[in-house]
Every structure is written in C-alpha cells, then in structure tokens.
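Asks: Supplied in structure tokens, the structure appears directly below.
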Amino acid sequence: MFDDLIRRRSVSPFALALATFVFAACGKHAPQPQAPKQEPTAAPIAPVAPKTEPAPQAPTITASAIGPAQVNEGDATTLMGMATCSSSAALSFAWSQVGAGPRVELKTPYASGTTFKAPEYSVDYELQFELRVSAPGAQDATSPLKVHVQADDDPPTAEAFVPPTAECGEVVALVGQGRAEEPNQPLHFMWKQVGEGPHVEIEDADRPQARFVVPEYAGKRTLLFELHLQDGVNPDVIARTHVDFECDPAYASLPAGSERKFPLVDVGGIPLPRGKWEFTGSLELAPSDDKQGALATLRFEYGDLVAAAVSLGQNGSHAGLRMFGLQRDSVETPWYEPDVSGKRELGDWPADQPLAFEFTWDGRELTLHFGPPGARDKWPEPPYPITFPLSSRPKKFVSTAAGGVVSLSDVQLVGR
C-alpha cells in the first residue's frame, strides 16, 4: 500500500512516518518489536575432587601360645603356637624362655610347636616362655605363657663303707657317700652306732668320713653303724654297714700306769699292746769301723709289709737323726725305703752321746720325743710335733744296726 501512495503522489517522509505510526496504533497486525533472544544458561557446577585409591593397610597378626598350666618335674612338655594373619603372607614362629627359673632346652624353637623337659629341682618353680610370630611387612605379634612345675622332692641316695674286719685298738674309718637328686640341694651327714655291740666313740660323726677306735672286748663281736643322710625335705635316707672284730690276747692293752720292762730286746722285736702307751728307752750306737760309719734303726711295724722308722746315723764325729717310711714286697723279703717315704731330717746329734727316746701312742698317732739320757723334763721341745704317718696302730717294735752294734737300755712300756 505504501508503494501505491508513493507511486501515485508524492508523500513526504514525515507523513509516511505518521501514517506508519497510525497504522500501527490502530491495532492492525503490525510486527511487535522482539527482545533479543537469549540462550538458556546452565546452573553453576561445583568442582569435583579427583578420585584417589585408599592407602594399602599393613597386614596384622594375632598370636596365641598354648601349653599346660602345670607339669611335674621330669615331664616332657609340649607347647603349641596358633597365629592368623590378615594377608596371605607366610608366618614365622620363634619360641624363647624368659624370666627366672631353671633353664630348659627347647627342641624346636623355630617351629609352631616345641617341647622341653622340666628340670629336676628341690622346690616348685615357674617357667616363662614367649611366642613371637612374624610375617613380611607386618608388625611382630607376641604371646606369653607360664608353666608351673611341681617338684616331686626325690630323696637323696646314700652309701656307707667300712673295712669288713678289724682288730681291737685299731682306728677304723667310716666312709660315707651321698648324692642329691635335686640340684643345689645341701646334704647333711650323721653317723650313728646301732645294735647291741660294744659302744664306741665316733669322731667327726657329722661328716661324710668319720672314725672310731675298736674297743677291747673278749671274743668275736660285730659293730653296726648307720649313715643318716638328710636333705631338709625328705625323711632321713639311711645306709647301713658293719665291721667284725676280735681281740688277740697277745696284744692286750696295758692298764693305765702299769709297766712292762724289757731288759733284753729280742731280735724278733717287741709286740706292742693295744690301747694307749709310752715306749721309752735309750740307744747307743758303736760303729765297727769309724771310717765306714754305722746306722741304727728303730722300726715300728703296723702291717706285715709297711713300717715307720727313725734312724741314728753316725760317721766319724758326726751323727744325725731322720724319720722315714719302709715297705717290703713279702714277709720273706727285706725292708727298703721307697721313693716316696715321707722322710724328714730331725737334725744332728752328738756322736759320743747316747740317745734317749720316748714314743707315745695315743690310739691315733705315734709321736717321738728325744733328748739326752736323764730327766725327761729337761728335754728340749721340738719346734713341731714329730708324728709318724701310720694308717693303723703299730704292732711290733724292732731295732736293727748296720756297720756297728746298737745297744738298747731302760726299755719299757707304760700304759696310759
């Protein structure tokens, strides 16, 4: 339409604009101005953290040590270990003994199970163990275990020994032995005489080795003894022994104070009595040749093959005393001085002076005193006791001489 108007007549721009406005205002379907089209906007999205895998956890182990709560000493005991792991890793086991108590030997300490033998002991005690279980990458797990061991207090064993026979007056040794079944258990010994035989005094009765003197008694007799062994826990353990003895009348004891004199000393010697005595006399040695010297020997035989002796040797103007042991191979062979004879030099003696002697037997030891003839109380005391090493009582006294003549005078035995 606007085009026709423009072609038919001239229309001013203003009129054209006004017409356009009127047309539009009249409600004709003129195009409506449109707002610019906008694209829909999405809601804001929160940032998302990157997804991470959880850190791997170390394997965990649980362990349990299993064993008896109480066993007896000497028992073979088994310990078992139980363990689990959160992974499939291989498990390693290790047993060890901890704490105090007697030590034991674990037979298989690096296995899940082990055994040991409970040691003998004097009192009850406790053993402590630890089981340790390990695996690669895991922390070790431990489990303690206590086992109470009950002691059965085994009694000790005792043995008693004595010579089968003895003679009156002899010193007899009682020999005892004891062995404790429990370690570190002290033992106490006590010898006792039992039975109806003659009473004897036991010396050192509270020691393993004691001794007594066989008493004088007519006829054959038997002495009975018991060794009591005590461990402080069990009743006394008793070992018994006995000795038979008989008194030979030829060696009867001298009553105290009685004397027996010997004007002449027989070549065969003088039998020495049982009991306690003093044997005194004086010795004088006359060499056959002053240049060769001489030797006088006083021998105390306490067995057929053993003896103790003291000798006075003289060579010119010099003389000396010595003490030594003797032995022989049989009663038919001569006496000789063995390599180890316990010899002792007793000092010099005036060659022109007789030697007075006093041998004292107290039932235990033979002791020598000597000095010049005369008053006994004027003899000098030796710096140490001169005691002969006898294992039993002396039974015979014999004097001999070599290279000269020995004279004995004032010889006598006095009972004590």
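The chains in the structure tokens are called A, B, ... from first to last as shown; in each chain the residues are counted from 1, and the ligands are counted from 1 in the order shown.
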Can you tell me, as JSON, numbers by chain, what residues are no more than 8 Å from Leu254 (chain A) when counting only C-alpha atoms, ignoring any on the same chain fewer than 4 positions away?
Replies: {"A": [258, 259, 273, 274, 275, 276, 277, 414, 415, 416]}
Asks: Export, as a PDB file, in the first residue's frame, the selected residues with all heavy atoms.
Replies:
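And here's again23.pdb as it stands now:
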ATOM      1  N   SER A 258     100.475 -99.098 134.448  1.00  0.00           N
ATOM      2  CA  SER A 258     101.244-100.347 134.575  1.00  0.00           C
ATOM      3  C   SER A 258     102.450-100.299 133.646  1.00  0.00           C
ATOM      4  O   SER A 258     102.442 -99.629 132.619  1.00  0.00           O
ATOM      5  CB  SER A 258     100.362-101.550 134.250  1.00  0.00           C
ATOM      6  OG  SER A 258      99.916-101.498 132.899  1.00  0.00           O
ATOM      7  N   GLU A 259     103.498-101.061 134.032  1.00  0.00           N
ATOM      8  CA  GLU A 259     104.759-101.043 133.286  1.00  0.00           C
ATOM      9  C   GLU A 259     105.115-102.445 132.810  1.00  0.00           C
ATOM     10  O   GLU A 259     104.790-103.447 133.458  1.00  0.00           O
ATOM     11  CB  GLU A 259     105.892-100.490 134.149  1.00  0.00           C
ATOM     12  CG  GLU A 259     105.696 -99.051 134.601  1.00  0.00           C
ATOM     13  CD  GLU A 259     106.859 -98.579 135.463  1.00  0.00           C
ATOM     14  OE1 GLU A 259     107.764 -99.405 135.745  1.00  0.00           O
ATOM     15  OE2 GLU A 259     106.869 -97.389 135.840  1.00  0.00           O
ATOM     16  N   PRO A 273     101.280-103.433 122.614  1.00  0.00           N
ATOM     17  CA  PRO A 273      99.892-103.704 123.011  1.00  0.00           C
ATOM     18  C   PRO A 273      98.914-102.747 122.344  1.00  0.00           C
ATOM     19  O   PRO A 273      99.273-101.715 121.775  1.00  0.00           O
ATOM     20  CB  PRO A 273      99.923-103.484 124.522  1.00  0.00           C
ATOM     21  CG  PRO A 273     100.997-102.458 124.717  1.00  0.00           C
ATOM     22  CD  PRO A 273     102.043-102.761 123.676  1.00  0.00           C
ATOM     23  N   ARG A 274      97.670-103.116 122.440  1.00  0.00           N
ATOM     24  CA  ARG A 274      96.612-102.200 122.033  1.00  0.00           C
ATOM     25  C   ARG A 274      96.441-101.122 123.097  1.00  0.00           C
ATOM     26  O   ARG A 274      97.088-101.155 124.141  1.00  0.00           O
ATOM     27  CB  ARG A 274      95.306-102.976 121.856  1.00  0.00           C
ATOM     28  CG  ARG A 274      95.353-104.002 120.735  1.00  0.00           C
ATOM     29  CD  ARG A 274      94.009-104.662 120.565  1.00  0.00           C
ATOM     30  NE  ARG A 274      93.652-105.484 121.730  1.00  0.00           N
ATOM     31  CZ  ARG A 274      93.927-106.782 121.838  1.00  0.00           C
ATOM     32  NH1 ARG A 274      94.581-107.410 120.875  1.00  0.00           N
ATOM     33  NH2 ARG A 274      93.544-107.466 122.909  1.00  0.00           N
ATOM     34  N   GLY A 275      95.569-100.200 122.837  1.00  0.00           N
ATOM     35  CA  GLY A 275      95.351 -99.126 123.800  1.00  0.00           C
ATOM     36  C   GLY A 275      96.423 -98.053 123.704  1.00  0.00           C
ATOM     37  O   GLY A 275      97.183 -97.982 122.740  1.00  0.00           O
ATOM     38  N   LYS A 276      96.514 -97.226 124.736  1.00  0.00           N
ATOM     39  CA  LYS A 276      97.450 -96.106 124.755  1.00  0.00           C
ATOM     40  C   LYS A 276      98.666 -96.460 125.602  1.00  0.00           C
ATOM     41  O   LYS A 276      98.523 -97.086 126.651  1.00  0.00           O
ATOM     42  CB  LYS A 276      96.767 -94.856 125.314  1.00  0.00           C
ATOM     43  CG  LYS A 276      95.540 -94.424 124.520  1.00  0.00           C
ATOM     44  CD  LYS A 276      94.851 -93.239 125.169  1.00  0.00           C
ATOM     45  CE  LYS A 276      93.612 -92.818 124.397  1.00  0.00           C
ATOM     46  NZ  LYS A 276      92.928 -91.659 125.017  1.00  0.00           N
ATOM     47  N   TRP A 277      99.840 -96.047 125.136  1.00  0.00           N
ATOM     48  CA  TRP A 277     101.052 -96.384 125.859  1.00  0.00           C
ATOM     49  C   TRP A 277     102.185 -95.428 125.523  1.00  0.00           C
ATOM     50  O   TRP A 277     102.101 -94.651 124.562  1.00  0.00           O
ATOM     51  CB  TRP A 277     101.501 -97.815 125.565  1.00  0.00           C
ATOM     52  CG  TRP A 277     101.419 -98.245 124.118  1.00  0.00           C
ATOM     53  CD1 TRP A 277     100.454 -99.030 123.566  1.00  0.00           C
ATOM     54  CD2 TRP A 277     102.324 -97.909 123.066  1.00  0.00           C
ATOM     55  NE1 TRP A 277     100.696 -99.233 122.228  1.00  0.00           N
ATOM     56  CE2 TRP A 277     101.846 -98.551 121.896  1.00  0.00           C
ATOM     57  CE3 TRP A 277     103.493 -97.166 122.967  1.00  0.00           C
ATOM     58  CZ2 TRP A 277     102.484 -98.455 120.659  1.00  0.00           C
ATOM     59  CZ3 TRP A 277     104.136 -97.060 121.745  1.00  0.00           C
ATOM     60  CH2 TRP A 277     103.639 -97.700 120.598  1.00  0.00           C
ATOM     61  N   VAL A 414     104.685 -98.358 129.171  1.00  0.00           N
ATOM     62  CA  VAL A 414     103.872 -97.855 130.261  1.00  0.00           C
ATOM     63  C   VAL A 414     102.478 -97.598 129.705  1.00  0.00           C
ATOM     64  O   VAL A 414     102.321 -96.859 128.721  1.00  0.00           O
ATOM     65  CB  VAL A 414     104.458 -96.575 130.879  1.00  0.00           C
ATOM     66  CG1 VAL A 414     103.552 -96.091 132.011  1.00  0.00           C
ATOM     67  CG2 VAL A 414     105.869 -96.836 131.372  1.00  0.00           C
ATOM     68  N   GLY A 415     101.486 -98.217 130.338  1.00  0.00           N
ATOM     69  CA  GLY A 415     100.104 -97.970 129.907  1.00  0.00           C
ATOM     70  C   GLY A 415      99.649 -96.566 130.291  1.00  0.00           C
ATOM     71  O   GLY A 415     100.034 -96.043 131.343  1.00  0.00           O
ATOM     72  N   ARG A 416      98.797 -95.999 129.457  1.00  0.00           N
ATOM     73  CA  ARG A 416      98.300 -94.631 129.714  1.00  0.00           C
ATOM     74  C   ARG A 416      96.771 -94.657 129.879  1.00  0.00           C
ATOM     75  O   ARG A 416      96.095 -95.483 129.291  1.00  0.00           O
ATOM     76  CB  ARG A 416      98.668 -93.702 128.559  1.00  0.00           C
ATOM     77  CG  ARG A 416     100.172 -93.574 128.332  1.00  0.00           C
ATOM     78  CD  ARG A 416     100.462 -92.658 127.173  1.00  0.00           C
ATOM     79  NE  ARG A 416      99.981 -91.309 127.431  1.00  0.00           N
ATOM     80  CZ  ARG A 416      99.658 -90.438 126.463  1.00  0.00           C
ATOM     81  NH1 ARG A 416      99.718 -90.803 125.198  1.00  0.00           N
ATOM     82  NH2 ARG A 416      99.237 -89.227 126.767  1.00  0.00           N
TER      83      ARG A 416
END
Asks: Would you work out the distance separating CA of His318 (chain A) from CA of Asp348 (chain A), expressed in Å to one decimal?
Replies: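 Computing it gives 7.5 Å between the two atoms.
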Asks: From the list A:Thr157, A:Thr108, A:Ser391, A:Thr400, which residue is nearest Val265 (chain A) when using only C-alpha atoms?
Replies: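 Under the stated criterion, the closest residue is A:Thr400.
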Asks: Find the residues around Ala76 (chain A) up to 8 Å (only C-alpha atoms counted), leave out those fewer than 5 positions away in its own chain, and share them as a PyMOL selection string.
Replies: chain A and resi 115-118
Asks: Give me a file of those residues, with C-alpha atoms, as a short mmCIF file (atom, residue, chain, number, x, y, z; two decimals), in the first residue's frame.
Replies:
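Final output, saved to out_35.cif:
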data_model
loop_
_atom_site.label_atom_id
_atom_site.label_comp_id
_atom_site.auth_asym_id
_atom_site.auth_seq_id
_atom_site.Cartn_x
_atom_site.Cartn_y
_atom_site.Cartn_z
CA THR A 115 58.89 -79.46 73.51
CA PHE A 116 61.10 -79.37 76.59
CA LYS A 117 61.82 -81.45 79.69
CA ALA A 118 61.09 -79.83 83.05
#
Asks: Between A:Tyr121, A:Trp95, A:Phe212, A:Phe324, which one has atoms that come closest to Gln193 (chain A), using only C-alpha atoms?
Replies: A:Phe212
Asks: Counting only C-alpha atoms, what is within 10 Å of region 325-331 of chain A, bar same-chain residues fewer than 3 positions away, as JSON, numbers by chain?
Replies: {"A": [299, 300, 301, 303, 304, 305, 306, 307, 308, 309, 310, 334, 335, 336, 337, 338, 339, 340, 341, 342, 343, 344, 388, 389, 390]}
Asks: Within 8 Å of Val123 (chain A), counting only C-alpha atoms, which residues show up once you throw out same-chain ones fewer than 4 positions away? Write them as a ChimeraX atom specification, please.
Replies: /A:150-151,153
